[in-house]
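K.L.:
Next up, entry02.tsv (TSV, C-alpha atoms).
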```tsv
chain	number	residue	atom	x	y	z
A	8	MET	CA	-2.06	13.38	-24.65
A	9	LYS	CA	-2.40	14.56	-21.07
A	10	PHE	CA	0.74	15.47	-19.13
A	11	ALA	CA	1.22	16.19	-15.45
A	12	VAL	CA	4.39	18.26	-15.10
A	13	ILE	CA	5.55	18.13	-11.50
A	14	GLY	CA	7.83	21.08	-10.85
A	15	GLY	CA	6.02	22.68	-13.75
A	16	THR	CA	6.44	26.29	-12.63
A	17	GLY	CA	10.26	26.34	-12.57
A	18	LEU	CA	12.92	27.27	-15.11
A	19	ILE	CA	12.60	24.09	-17.17
A	20	GLY	CA	9.12	22.97	-16.16
A	21	SER	CA	7.33	26.14	-17.23
A	22	GLN	CA	8.90	25.89	-20.69
A	23	VAL	CA	8.08	22.17	-20.97
A	24	VAL	CA	4.44	22.98	-20.22
A	25	ARG	CA	4.47	25.74	-22.84
A	26	ASP	CA	6.08	23.50	-25.48
A	27	LEU	CA	3.69	20.59	-24.90
A	28	ASN	CA	0.61	22.80	-24.99
A	29	ALA	CA	1.90	24.51	-28.13
A	30	ALA	CA	2.13	21.06	-29.73
A	31	GLY	CA	-1.56	20.45	-29.05
A	32	HIS	CA	-1.29	18.39	-25.87
A	33	GLU	CA	-2.78	19.12	-22.47
A	34	ALA	CA	0.05	19.83	-20.03
A	35	VAL	CA	-0.78	20.92	-16.48
A	36	PRO	CA	1.90	22.39	-14.19
A	37	HIS	CA	2.04	21.27	-10.57
A	38	SER	CA	4.28	22.49	-7.76
A	39	GLN	CA	4.18	23.51	-4.13
A	40	SER	CA	2.61	26.78	-5.24
A	41	THR	CA	-0.32	24.83	-6.72
A	42	GLY	CA	-0.71	22.62	-3.65
A	43	VAL	CA	1.39	19.60	-4.65
A	44	ASP	CA	4.16	18.41	-2.34
A	45	VAL	CA	6.28	15.46	-3.47
A	46	ILE	CA	7.76	14.93	0.00
A	47	SER	CA	4.56	14.81	2.05
A	48	GLY	CA	2.57	13.47	-0.90
A	49	LEU	CA	-0.03	16.22	-0.50
A	50	GLY	CA	-2.02	16.63	-3.72
A	51	LEU	CA	0.12	14.16	-5.65
A	52	ASP	CA	-2.56	11.54	-6.32
A	53	GLU	CA	-4.90	14.19	-7.68
A	54	ALA	CA	-2.19	15.80	-9.80
A	55	VAL	CA	-1.27	12.64	-11.71
A	56	ALA	CA	-4.68	10.96	-11.89
A	57	GLY	CA	-5.71	10.49	-15.51
A	58	ALA	CA	-2.40	11.67	-16.95
A	59	ASP	CA	-0.84	9.66	-19.76
A	60	VAL	CA	2.64	10.92	-18.86
A	61	VAL	CA	4.20	12.38	-15.73
A	62	VAL	CA	7.23	14.63	-16.15
A	63	ASN	CA	9.07	15.06	-12.84
A	64	LEU	CA	11.19	18.23	-12.78
A	65	THR	CA	11.22	18.79	-9.02
A	66	ASN	CA	14.60	19.51	-7.47
A	67	SER	CA	16.18	19.19	-4.09
A	68	PRO	CA	16.35	22.47	-2.14
A	69	THR	CA	19.97	21.68	-1.23
A	70	PHE	CA	22.99	20.20	-3.01
A	71	ASP	CA	24.37	18.42	0.07
A	72	GLU	CA	23.76	14.96	1.54
A	73	ALA	CA	20.13	15.86	2.28
A	74	SER	CA	19.47	15.73	-1.47
A	75	LEU	CA	19.66	11.93	-1.34
A	76	ALA	CA	16.70	11.76	1.03
A	77	PHE	CA	14.78	14.28	-1.09
A	78	PHE	CA	15.07	12.25	-4.29
A	79	ARG	CA	14.41	8.94	-2.55
A	80	THR	CA	11.22	10.13	-0.89
A	81	SER	CA	9.95	12.17	-3.82
A	82	MET	CA	10.45	9.35	-6.33
A	83	ASP	CA	8.86	6.74	-4.06
A	84	ASN	CA	5.83	8.98	-3.58
A	85	LEU	CA	5.60	9.93	-7.24
A	86	LEU	CA	5.82	6.36	-8.53
A	87	ALA	CA	3.21	5.17	-6.06
A	88	ALA	CA	0.82	7.93	-7.16
A	89	ALA	CA	1.57	7.35	-10.85
A	90	ARG	CA	0.89	3.63	-10.56
A	91	LYS	CA	-2.39	4.30	-8.75
A	92	GLY	CA	-3.35	6.86	-11.39
A	93	GLY	CA	-2.69	4.61	-14.39
A	94	VAL	CA	0.21	6.66	-15.75
A	95	ARG	CA	1.96	4.97	-18.69
A	96	HIS	CA	5.25	6.90	-18.87
A	97	VAL	CA	7.39	8.79	-16.33
A	98	VAL	CA	10.14	11.20	-17.41
A	99	ILE	CA	12.88	12.79	-15.31
A	100	LEU	CA	15.69	15.22	-16.05
A	101	SER	CA	19.19	14.31	-14.86
A	102	ILE	CA	22.81	15.31	-15.54
A	103	VAL	CA	25.32	14.09	-18.14
A	104	GLY	CA	28.12	12.32	-16.29
A	105	ALA	CA	26.30	12.23	-12.93
A	106	ASP	CA	27.40	8.65	-12.36
A	107	GLN	CA	31.04	9.64	-12.91
A	108	VAL	CA	31.24	12.10	-10.01
A	109	PRO	CA	30.40	10.14	-6.83
A	110	GLU	CA	32.36	12.69	-4.80
A	111	LEU	CA	29.44	15.12	-5.14
A	112	ASP	CA	26.42	14.36	-2.94
A	113	TYR	CA	23.99	15.96	-5.37
A	114	TYR	CA	25.25	13.91	-8.32
A	115	ARG	CA	24.95	10.72	-6.29
A	116	ALA	CA	21.42	11.79	-5.41
A	117	LYS	CA	20.53	12.23	-9.09
A	118	VAL	CA	21.88	8.74	-9.85
A	119	LEU	CA	19.74	7.41	-7.00
A	120	GLN	CA	16.72	9.11	-8.58
A	121	GLU	CA	17.53	7.46	-11.91
A	122	ASP	CA	17.94	4.05	-10.28
A	123	ILE	CA	14.63	4.27	-8.42
A	124	LEU	CA	12.83	5.20	-11.65
A	125	ALA	CA	14.50	2.44	-13.66
A	126	ALA	CA	13.63	-0.18	-11.03
A	127	GLY	CA	10.02	1.01	-10.77
A	128	PRO	CA	6.83	-0.43	-12.24
A	129	ILE	CA	6.22	2.17	-14.99
A	130	PRO	CA	7.91	2.61	-18.40
A	131	TYR	CA	10.30	5.53	-18.16
A	132	SER	CA	12.68	7.94	-19.84
A	133	ILE	CA	15.71	9.73	-18.41
A	134	VAL	CA	16.96	12.87	-20.15
A	135	ARG	CA	20.48	13.77	-19.06
A	136	ALA	CA	21.55	17.32	-19.87
A	137	THR	CA	24.90	19.07	-19.66
A	138	GLN	CA	25.25	22.21	-17.51
A	139	PHE	CA	22.65	24.96	-18.07
A	140	MET	CA	23.88	28.26	-19.44
A	141	GLU	CA	21.55	29.93	-16.93
A	142	PHE	CA	23.63	28.56	-14.03
A	143	MET	CA	26.80	30.47	-14.92
A	144	ASP	CA	25.84	33.49	-12.82
A	145	ALA	CA	25.54	31.26	-9.75
A	146	VAL	CA	28.82	29.49	-10.53
A	147	LEU	CA	30.57	32.85	-10.64
A	148	THR	CA	29.44	33.64	-7.08
A	149	TRP	CA	30.68	30.45	-5.42
A	150	THR	CA	34.37	31.33	-5.22
A	151	ALA	CA	34.37	35.08	-5.82
A	152	ASP	CA	35.68	38.06	-3.90
A	153	ASP	CA	35.86	41.74	-4.79
A	154	GLY	CA	38.49	41.40	-7.48
A	155	THR	CA	38.71	37.77	-8.59
A	156	VAL	CA	36.72	34.66	-9.37
A	157	ARG	CA	38.48	31.33	-8.93
A	158	LEU	CA	37.41	28.56	-11.29
A	159	PRO	CA	38.86	25.21	-12.36
A	160	ALA	CA	39.43	24.40	-16.03
A	161	THR	CA	36.79	21.65	-15.94
A	162	PRO	CA	35.41	21.04	-19.46
A	163	ILE	CA	31.78	22.23	-19.66
A	164	GLN	CA	29.30	21.87	-22.55
A	165	PRO	CA	26.71	24.57	-21.76
A	166	ILE	CA	23.13	24.15	-22.97
A	167	ALA	CA	20.32	26.70	-22.95
A	168	ALA	CA	17.33	25.99	-20.71
A	169	LYS	CA	14.96	26.44	-23.65
A	170	ASP	CA	16.80	23.66	-25.52
A	171	VAL	CA	16.63	21.40	-22.46
A	172	ALA	CA	12.88	22.00	-22.20
A	173	ALA	CA	12.37	21.24	-25.89
A	174	ALA	CA	14.25	17.96	-25.55
A	175	VAL	CA	12.30	16.94	-22.44
A	176	ALA	CA	9.00	17.74	-24.16
A	177	GLU	CA	10.02	15.72	-27.21
A	178	VAL	CA	10.94	12.68	-25.13
A	179	ALA	CA	7.80	12.99	-23.00
A	180	ALA	CA	5.56	13.02	-26.08
A	181	GLY	CA	7.27	9.95	-27.55
A	182	PRO	CA	7.39	6.29	-26.54
A	183	PRO	CA	9.24	5.49	-23.31
A	184	LEU	CA	12.98	5.08	-23.83
A	185	ASN	CA	13.35	2.73	-20.87
A	186	GLY	CA	16.83	4.20	-20.84
A	187	ILE	CA	18.78	7.44	-21.09
A	188	ARG	CA	19.09	10.16	-23.73
A	189	ASN	CA	22.01	12.58	-23.40
A	190	ILE	CA	21.62	16.14	-24.63
A	191	GLY	CA	24.25	18.87	-24.68
A	192	GLY	CA	25.20	22.25	-26.00
A	193	PRO	CA	27.04	22.61	-29.31
A	194	GLU	CA	30.37	23.76	-27.79
A	195	VAL	CA	32.78	22.72	-25.02
A	196	PHE	CA	34.66	25.29	-22.92
A	197	PRO	CA	37.00	25.07	-19.95
A	198	LEU	CA	34.97	26.48	-17.07
A	199	ASP	CA	37.54	29.19	-16.35
A	200	GLU	CA	37.38	30.36	-19.97
A	201	LEU	CA	33.58	30.35	-19.82
A	202	GLY	CA	33.84	32.54	-16.75
A	203	ARG	CA	36.07	35.03	-18.58
A	204	ILE	CA	33.68	35.16	-21.55
A	205	THR	CA	30.73	35.76	-19.23
A	206	LEU	CA	32.40	38.51	-17.19
A	207	ALA	CA	33.66	40.25	-20.34
A	208	HIS	CA	30.15	40.28	-21.82
A	209	LYS	CA	28.77	41.81	-18.62
A	210	GLY	CA	31.52	44.39	-18.43
A	211	ASP	CA	32.54	42.92	-15.08
A	212	PRO	CA	36.15	43.92	-14.36
A	213	ARG	CA	36.93	40.98	-12.08
A	214	THR	CA	39.71	38.58	-13.07
A	215	VAL	CA	39.19	34.82	-13.40
A	216	VAL	CA	42.00	32.90	-11.72
A	217	THR	CA	42.40	29.27	-12.77
A	218	ASP	CA	42.27	27.20	-9.59
A	219	PRO	CA	41.85	23.41	-9.82
A	220	THR	CA	40.65	23.29	-6.19
A	221	ALA	CA	37.92	25.94	-6.45
A	222	GLY	CA	34.21	25.24	-6.12
A	223	MET	CA	31.98	22.27	-6.76
A	224	PHE	CA	33.40	21.44	-10.19
A	225	ALA	CA	36.86	20.89	-8.70
A	226	ALA	CA	35.64	17.38	-7.83
A	227	VAL	CA	35.10	16.55	-11.50
A	228	LYS	CA	37.83	14.49	-13.17
A	229	GLY	CA	38.47	14.92	-16.88
A	230	ASP	CA	35.67	15.64	-19.35
A	231	VAL	CA	32.92	13.46	-17.83
A	232	LEU	CA	30.44	16.37	-17.84
A	233	THR	CA	30.59	16.54	-21.63
A	234	ASP	CA	29.44	14.10	-24.30
A	235	GLU	CA	30.44	14.49	-27.94
A	236	ASN	CA	27.86	11.83	-28.85
A	237	ALA	CA	24.96	13.60	-27.15
A	238	ARG	CA	22.13	15.10	-29.15
A	239	LEU	CA	23.43	18.61	-29.67
A	240	ALA	CA	21.19	21.61	-29.08
A	241	PRO	CA	21.36	24.59	-31.47
A	242	THR	CA	21.99	27.53	-29.12
A	243	ARG	CA	25.61	28.69	-28.85
A	244	TYR	CA	26.79	30.43	-25.70
A	245	ALA	CA	27.65	33.71	-27.42
A	246	ASP	CA	24.19	33.85	-28.97
A	247	TRP	CA	22.58	33.09	-25.61
A	248	LEU	CA	24.57	35.86	-23.95
A	249	SER	CA	23.50	38.38	-26.56
```
Go ahead and express the file in the form of C-alpha coordinates.
P.N.:
Amino acid sequence: MKFAVIGGTGLIGSQVVRDLNAAGHEAVPHSQSTGVDVISGLGLDEAVAGADVVVNLTNSPTFDEASLAFFRTSMDNLLAAARKGGVRHVVILSIVGADQVPELDYYRAKVLQEDILAAGPIPYSIVRATQFMEFMDAVLTWTADDGTVRLPATPIQPIAAKDVAAAVAEVAAGPPLNGIRNIGGPEVFPLDELGRITLAHKGDPRTVVTDPTAGMFAAVKGDVLTDENARLAPTRYADWLS
(Lines of atoms letter the chains of each structure in order from A and count residues from 1; the text may use other names and numbers.)
(Lines give C-alpha, C1' and ligand atoms only; values in the text may rest on other atoms or scores of the structure.)
Protein backbone atom coordinates (compact mmCIF):
# COMPACT_ATOMS: atom_id res chain seq x y z
CA MET A 1 0.00 0.00 0.00
CA LYS A 2 1.03 3.61 -0.53
CA PHE A 3 0.88 6.01 2.41
CA ALA A 4 1.23 9.77 2.53
CA VAL A 5 2.28 10.72 6.06
CA ILE A 6 1.62 14.41 6.59
CA GLY A 7 3.75 15.62 9.47
CA GLY A 8 5.96 12.68 8.63
CA THR A 9 9.23 14.18 9.86
CA GLY A 10 8.18 14.74 13.49
CA LEU A 11 8.44 12.65 16.65
CA ILE A 12 5.61 10.27 15.77
CA GLY A 13 5.48 10.72 12.01
CA SER A 14 9.09 9.74 11.35
CA GLN A 15 8.59 6.50 13.29
CA VAL A 16 5.28 5.76 11.51
CA VAL A 17 7.07 6.13 8.17
CA ARG A 18 9.84 3.80 9.36
CA ASP A 19 7.38 1.19 10.65
CA LEU A 20 5.25 1.18 7.49
CA ASN A 21 8.26 0.91 5.20
CA ALA A 22 9.70 -1.87 7.36
CA ALA A 23 6.42 -3.74 6.86
CA GLY A 24 6.87 -3.60 3.09
CA HIS A 25 4.64 -0.62 2.30
CA GLU A 26 5.58 2.62 0.58
CA ALA A 27 5.30 5.45 3.11
CA VAL A 28 6.38 8.96 2.09
CA PRO A 29 6.90 11.70 4.70
CA HIS A 30 5.58 15.18 3.98
CA SER A 31 5.95 18.35 6.03
CA GLN A 32 6.74 22.03 5.68
CA SER A 33 10.38 21.04 5.26
CA THR A 34 9.45 19.02 2.16
CA GLY A 35 7.28 21.80 0.72
CA VAL A 36 3.84 20.78 2.03
CA ASP A 37 1.78 23.31 3.98
CA VAL A 38 -1.59 22.17 5.35
CA ILE A 39 -2.71 25.74 6.08
CA SER A 40 -2.02 27.35 2.71
CA GLY A 41 -2.56 24.05 0.89
CA LEU A 42 0.78 24.38 -0.88
CA GLY A 43 1.93 20.98 -2.17
CA LEU A 44 -0.93 19.11 -0.54
CA ASP A 45 -2.64 17.86 -3.71
CA GLU A 46 0.65 16.48 -5.00
CA ALA A 47 1.53 14.88 -1.66
CA VAL A 48 -1.65 12.81 -1.38
CA ALA A 49 -2.26 12.04 -5.05
CA GLY A 50 -2.21 8.29 -5.63
CA ALA A 51 -1.96 7.40 -1.94
CA ASP A 52 -4.18 4.64 -0.60
CA VAL A 53 -4.02 6.08 2.92
CA VAL A 54 -3.25 9.51 4.33
CA VAL A 55 -1.95 9.69 7.90
CA ASN A 56 -2.25 13.23 9.27
CA LEU A 57 0.16 13.87 12.15
CA THR A 58 0.48 17.64 11.78
CA ASN A 59 0.11 19.66 14.95
CA SER A 60 -0.84 23.18 15.87
CA PRO A 61 2.14 25.43 16.65
CA THR A 62 0.29 26.71 19.73
CA PHE A 63 -1.89 25.20 22.45
CA ASP A 64 -4.16 28.24 22.81
CA GLU A 65 -7.38 29.28 21.06
CA ALA A 66 -5.51 29.65 17.74
CA SER A 67 -5.24 25.84 17.64
CA LEU A 68 -8.94 25.64 16.75
CA ALA A 69 -8.38 27.58 13.54
CA PHE A 70 -5.30 25.49 12.73
CA PHE A 71 -7.15 22.17 12.92
CA ARG A 72 -10.22 23.48 11.12
CA THR A 73 -8.25 24.84 8.17
CA SER A 74 -5.77 21.97 7.97
CA MET A 75 -8.47 19.29 8.03
CA ASP A 76 -10.64 21.08 5.46
CA ASN A 77 -7.65 21.39 3.13
CA LEU A 78 -6.47 17.83 3.72
CA LEU A 79 -9.87 16.24 3.14
CA ALA A 80 -10.40 18.24 -0.04
CA ALA A 81 -7.01 17.11 -1.37
CA ALA A 82 -7.58 13.51 -0.28
CA ARG A 83 -10.95 13.36 -2.00
CA LYS A 84 -9.47 14.79 -5.19
CA GLY A 85 -6.60 12.31 -5.00
CA GLY A 86 -8.77 9.21 -4.56
CA VAL A 87 -7.57 8.44 -1.03
CA ARG A 88 -9.52 5.59 0.60
CA HIS A 89 -8.61 6.02 4.29
CA VAL A 90 -7.57 8.98 6.46
CA VAL A 91 -6.00 8.49 9.90
CA ILE A 92 -5.38 11.07 12.63
CA LEU A 93 -3.82 10.93 16.08
CA SER A 94 -5.77 12.45 18.97
CA ILE A 95 -5.82 12.33 22.79
CA VAL A 96 -7.56 9.97 25.22
CA GLY A 97 -10.16 11.98 27.12
CA ALA A 98 -9.91 15.05 24.86
CA ASP A 99 -13.69 15.42 24.82
CA GLN A 100 -13.75 15.43 28.64
CA VAL A 101 -11.62 18.56 29.08
CA PRO A 102 -13.44 21.40 27.27
CA GLU A 103 -11.67 23.89 29.53
CA LEU A 104 -8.49 23.42 27.48
CA ASP A 105 -8.47 25.14 24.08
CA TYR A 106 -6.10 22.59 22.58
CA TYR A 107 -8.26 19.64 23.65
CA ARG A 108 -11.34 21.30 22.17
CA ALA A 109 -9.35 21.82 18.99
CA LYS A 110 -8.47 18.11 18.81
CA VAL A 111 -12.15 17.21 19.24
CA LEU A 112 -12.96 19.62 16.41
CA GLN A 113 -10.38 17.84 14.25
CA GLU A 114 -12.01 14.49 15.06
CA ASP A 115 -15.48 15.83 14.26
CA ILE A 116 -14.41 17.27 10.90
CA LEU A 117 -12.83 13.95 9.94
CA ALA A 118 -15.84 11.91 11.05
CA ALA A 119 -18.24 14.14 9.11
CA GLY A 120 -16.08 14.06 5.98
CA PRO A 121 -16.45 12.06 2.77
CA ILE A 122 -13.64 9.52 3.32
CA PRO A 123 -13.51 6.41 5.55
CA TYR A 124 -11.42 7.22 8.59
CA SER A 125 -9.71 6.09 11.77
CA ILE A 126 -8.95 8.06 14.93
CA VAL A 127 -6.21 6.81 17.24
CA ARG A 128 -6.42 8.41 20.67
CA ALA A 129 -3.30 8.09 22.80
CA THR A 130 -2.60 8.90 26.42
CA GLN A 131 0.19 11.36 27.31
CA PHE A 132 3.60 10.74 25.69
CA MET A 133 6.47 9.86 27.97
CA GLU A 134 8.60 12.20 25.85
CA PHE A 135 6.53 15.20 27.02
CA MET A 136 7.50 14.91 30.68
CA ASP A 137 10.54 17.14 30.30
CA ALA A 138 8.32 19.92 28.94
CA VAL A 139 5.73 19.40 31.68
CA LEU A 140 8.44 19.84 34.29
CA THR A 141 9.33 23.28 32.90
CA TRP A 142 5.83 24.77 32.95
CA THR A 143 5.60 25.52 36.67
CA ALA A 144 9.21 25.29 37.79
CA ASP A 145 11.58 27.63 39.58
CA ASP A 146 15.10 27.13 40.90
CA GLY A 147 14.17 24.78 43.70
CA THR A 148 10.69 23.36 43.08
CA VAL A 149 8.34 22.04 40.44
CA ARG A 150 4.62 22.38 41.12
CA LEU A 151 2.41 19.65 39.69
CA PRO A 152 -1.15 18.45 40.29
CA ALA A 153 -1.88 14.83 41.16
CA THR A 154 -3.76 14.31 37.88
CA PRO A 155 -3.75 10.61 36.92
CA ILE A 156 -1.55 10.07 33.84
CA GLN A 157 -1.03 6.87 31.81
CA PRO A 158 2.26 7.57 29.99
CA ILE A 159 2.96 5.88 26.65
CA ALA A 160 6.20 5.79 24.69
CA ALA A 161 6.25 7.55 21.32
CA LYS A 162 7.54 4.40 19.63
CA ASP A 163 4.46 2.52 20.88
CA VAL A 164 2.17 5.30 19.64
CA ALA A 165 3.81 5.14 16.21
CA ALA A 166 3.44 1.36 16.06
CA ALA A 167 -0.26 1.62 16.89
CA VAL A 168 -0.85 4.35 14.29
CA ALA A 169 0.96 2.31 11.63
CA GLU A 170 -1.09 -0.77 12.49
CA VAL A 171 -4.38 1.11 12.22
CA ALA A 172 -3.30 2.84 9.01
CA ALA A 173 -2.45 -0.48 7.35
CA GLY A 174 -5.80 -2.00 8.34
CA PRO A 175 -9.39 -1.34 7.29
CA PRO A 176 -10.87 2.01 8.34
CA LEU A 177 -12.30 1.93 11.86
CA ASN A 178 -14.83 4.67 11.12
CA GLY A 179 -14.42 5.28 14.82
CA ILE A 180 -11.87 5.59 17.61
CA ARG A 181 -9.22 3.29 19.05
CA ASN A 182 -7.76 4.22 22.44
CA ILE A 183 -4.17 3.29 23.24
CA GLY A 184 -2.32 3.84 26.50
CA GLY A 185 0.71 2.97 28.54
CA PRO A 186 0.71 -0.03 30.87
CA GLU A 187 0.76 2.01 34.13
CA VAL A 188 -1.07 4.94 35.71
CA PHE A 189 0.72 7.50 37.90
CA PRO A 190 -0.33 10.71 39.61
CA LEU A 191 1.45 13.44 37.65
CA ASP A 192 3.26 14.73 40.73
CA GLU A 193 4.62 11.25 41.44
CA LEU A 194 5.70 10.91 37.81
CA GLY A 195 7.55 14.19 38.21
CA ARG A 196 9.39 12.90 41.29
CA ILE A 197 10.36 9.68 39.50
CA THR A 198 11.66 11.65 36.52
CA LEU A 199 13.69 14.14 38.56
CA ALA A 200 15.17 11.36 40.71
CA HIS A 201 16.29 9.46 37.61
CA LYS A 202 17.98 12.58 36.24
CA GLY A 203 19.64 13.37 39.54
CA ASP A 204 17.75 16.66 39.60
CA PRO A 205 17.63 17.93 43.20
CA ARG A 206 14.47 19.99 42.79
CA THR A 207 11.43 19.14 44.91
CA VAL A 208 8.01 18.39 43.43
CA VAL A 209 5.26 20.22 45.31
CA THR A 210 1.74 18.88 44.85
CA ASP A 211 -0.38 21.81 43.67
CA PRO A 212 -3.87 21.17 42.26
CA THR A 213 -3.84 24.59 40.54
CA ALA A 214 -0.51 24.24 38.73
CA GLY A 215 -0.13 24.03 34.96
CA MET A 216 -2.29 22.83 32.11
CA PHE A 217 -3.31 19.55 33.75
CA ALA A 218 -4.91 21.40 36.66
CA ALA A 219 -7.96 21.77 34.40
CA VAL A 220 -8.39 17.99 34.20
CA LYS A 221 -11.05 16.50 36.46
CA GLY A 222 -10.62 12.95 37.75
CA ASP A 223 -8.99 10.23 35.66
CA VAL A 224 -10.37 11.17 32.21
CA LEU A 225 -6.87 11.14 30.67
CA THR A 226 -6.54 7.43 31.43
CA ASP A 227 -8.40 4.41 30.05
CA GLU A 228 -8.10 0.98 31.65
CA ASN A 229 -9.86 -0.50 28.60
CA ALA A 230 -7.42 0.98 26.08
CA ARG A 231 -5.07 -1.21 24.10
CA LEU A 232 -2.05 -1.23 26.39
CA ALA A 233 1.43 -0.64 25.01
CA PRO A 234 4.36 -2.69 26.36
CA THR A 235 6.86 -0.01 27.41
CA ARG A 236 6.91 0.83 31.13
CA TYR A 237 8.05 4.25 32.27
CA ALA A 238 11.04 2.98 34.25
CA ASP A 239 12.26 1.03 31.23
CA TRP A 240 11.81 4.06 28.99
CA LEU A 241 13.80 6.22 31.41
CA SER A 242 16.65 3.75 31.47
K.L.:
Can you pull out every residue within 8 Å of stretch 76-80 of chain A, counting only C-alpha atoms, but drop anything in the same chain fewer than 5 positions away, and send it as a ChimeraX atom specification?
P.N.:
/A:45-46,66-67,116-117,119-120,123
K.L.:
Counting all atoms listed in the file, which residues come within 10 Å of (10.7, 2.2, -11.6), with the point read in the file's coordinates, and could you list them as a ChimeraX atom specification?
P.N.:
/A:82-83,86-87,90,97,120-131,185
K.L.:
Find the residues around A:Thr137 up to 7 Å (all atoms listed in the file counted), leave out those fewer than 3 positions away in its own chain, and share them as a PyMOL selection string.
P.N.:
chain A and resi 102-103+164-166+190-191+232-233
K.L.:
Counting all atoms listed in the file, figure out which residue out of A:Pro197, A:Gly186, A:Pro36, A:Gly50 gets nearest to A:Asp230.
P.N.:
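Looking only at the distances to A:Asp230, the closest residue turns out to be A:Pro197.
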K.L.:
Box for stretch 86-90 of chain A: with edges along x, y and z, all listed atoms inside and 4 Å added on each side, what are the centre and edge lengths in Å to one decimal, as lines of an AutoDock Vina configuration file?
P.N.:
```
center_x = 3.3
center_y = 5.8
center_z = -8.5
size_x = 13.0
size_y = 12.3
size_z = 12.8
```
K.L.:
Could you check the closest approach to A:Val216 for each of A:Ala168, A:Val156, A:Pro193, A:Glu177 and tell me which residue wins, using all atoms listed in the file?
P.N.:
A:Val156
K.L.:
Between A:Leu51, A:Val23, A:Ala73, A:Met140, which is the closest to A:Leu201 once you count only C-alpha atoms?
P.N.:
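Of the candidates, the smallest distance to A:Leu201 is held by A:Met140.
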K.L.:
With distances taken over all atoms listed in the file, which residue among A:Ser132, A:Thr148, A:Thr161, A:Gln22 lies nearest A:Val195?
P.N.:
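Closest candidate: A:Thr161.
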K.L.:
Using only C-alpha atoms, find the one residue out of A:Ala160, A:Val24, A:Ala151, A:Ala136 that sits nearest to A:Ala237.
P.N.:
A:Ala136
K.L.:
May I have the residues within 12 Å of A:Pro109 as a list in words, using only C-alpha atoms and disregarding those fewer than 2 positions away in the same chain?
P.N.:
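Close residues of A:Pro109: Glu72, Gly104, Ala105, Asp106, Gln107, Leu111, Asp112, Tyr113, Tyr114, Arg115, Ala116, Lys117, Val118, Leu119, Ala226, Val227, Lys228 and Val231 of chain A.
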K.L.:
Take the residues just selected and output them with C-alpha atoms as a JSON list (two decimals), keeping the file's coordinate frame.
P.N.:
```
[["chain", "number", "residue", "atom", "x", "y", "z"],
["A", 72, "GLU", "CA", 23.76, 14.96, 1.54],
["A", 104, "GLY", "CA", 28.12, 12.32, -16.29],
["A", 105, "ALA", "CA", 26.30, 12.23, -12.93],
["A", 106, "ASP", "CA", 27.40, 8.65, -12.36],
["A", 107, "GLN", "CA", 31.04, 9.64, -12.91],
["A", 111, "LEU", "CA", 29.44, 15.12, -5.14],
["A", 112, "ASP", "CA", 26.42, 14.36, -2.94],
["A", 113, "TYR", "CA", 23.99, 15.96, -5.37],
["A", 114, "TYR", "CA", 25.25, 13.91, -8.32],
["A", 115, "ARG", "CA", 24.95, 10.72, -6.29],
["A", 116, "ALA", "CA", 21.42, 11.79, -5.41],
["A", 117, "LYS", "CA", 20.53, 12.23, -9.09],
["A", 118, "VAL", "CA", 21.88, 8.74, -9.85],
["A", 119, "LEU", "CA", 19.74, 7.41, -7.00],
["A", 226, "ALA", "CA", 35.64, 17.38, -7.83],
["A", 227, "VAL", "CA", 35.10, 16.55, -11.50],
["A", 228, "LYS", "CA", 37.83, 14.49, -13.17],
["A", 231, "VAL", "CA", 32.92, 13.46, -17.83]]
```
K.L.:
Would you list the contacts of A:His208 as a PyMOL selection string, taking every protein, DNA or RNA residue within 12 Å and counting all atoms listed in the file, but skipping same-chain residues closer than 4 positions in sequence?
P.N.:
chain A and resi 201-204+212-213+244-249
K.L.:
Of the candidates A:Glu194, A:Asp211, A:Asp218, A:Glu141, which one gets nearest to A:Pro159 if we count only C-alpha atoms?
P.N.:
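Using only C-alpha atoms, A:Pro159 sits closest to A:Asp218.
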K.L.:
How many Å separate atom CA of A:Gly93 from atom CA of A:Glu33?
P.N.:
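Distance reported for this atom pair: 16.6 Å.
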K.L.:
What is the atom CA of A:Ala145-atom CA of A:Gly222 distance in Å, reported with one decimal?
P.N.:
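Atom CA of A:Gly222 lies at a distance of 11.2 Å from atom CA of A:Ala145.
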K.L.:
Give me the residues within 10 Å of A:Ala54 as a list in words, counting all atoms listed in the file and dropping any in the same chain fewer than 3 places off.
P.N.:
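My list of contacting residues is Phe10, Ala11, Val12, Ile13, Val35, Pro36, His37, Ser38, Thr41, Gly42, Val43, Leu49, Gly50, Leu51, Gly57, Ala58, Val61, Ala88, Ala89 and Gly92 of chain A.
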K.L.:
Would you mind reading off the distance between atom CA of A:His96 and atom CA of A:Asn63, one decimal, in Å?
P.N.:
10.8 Å
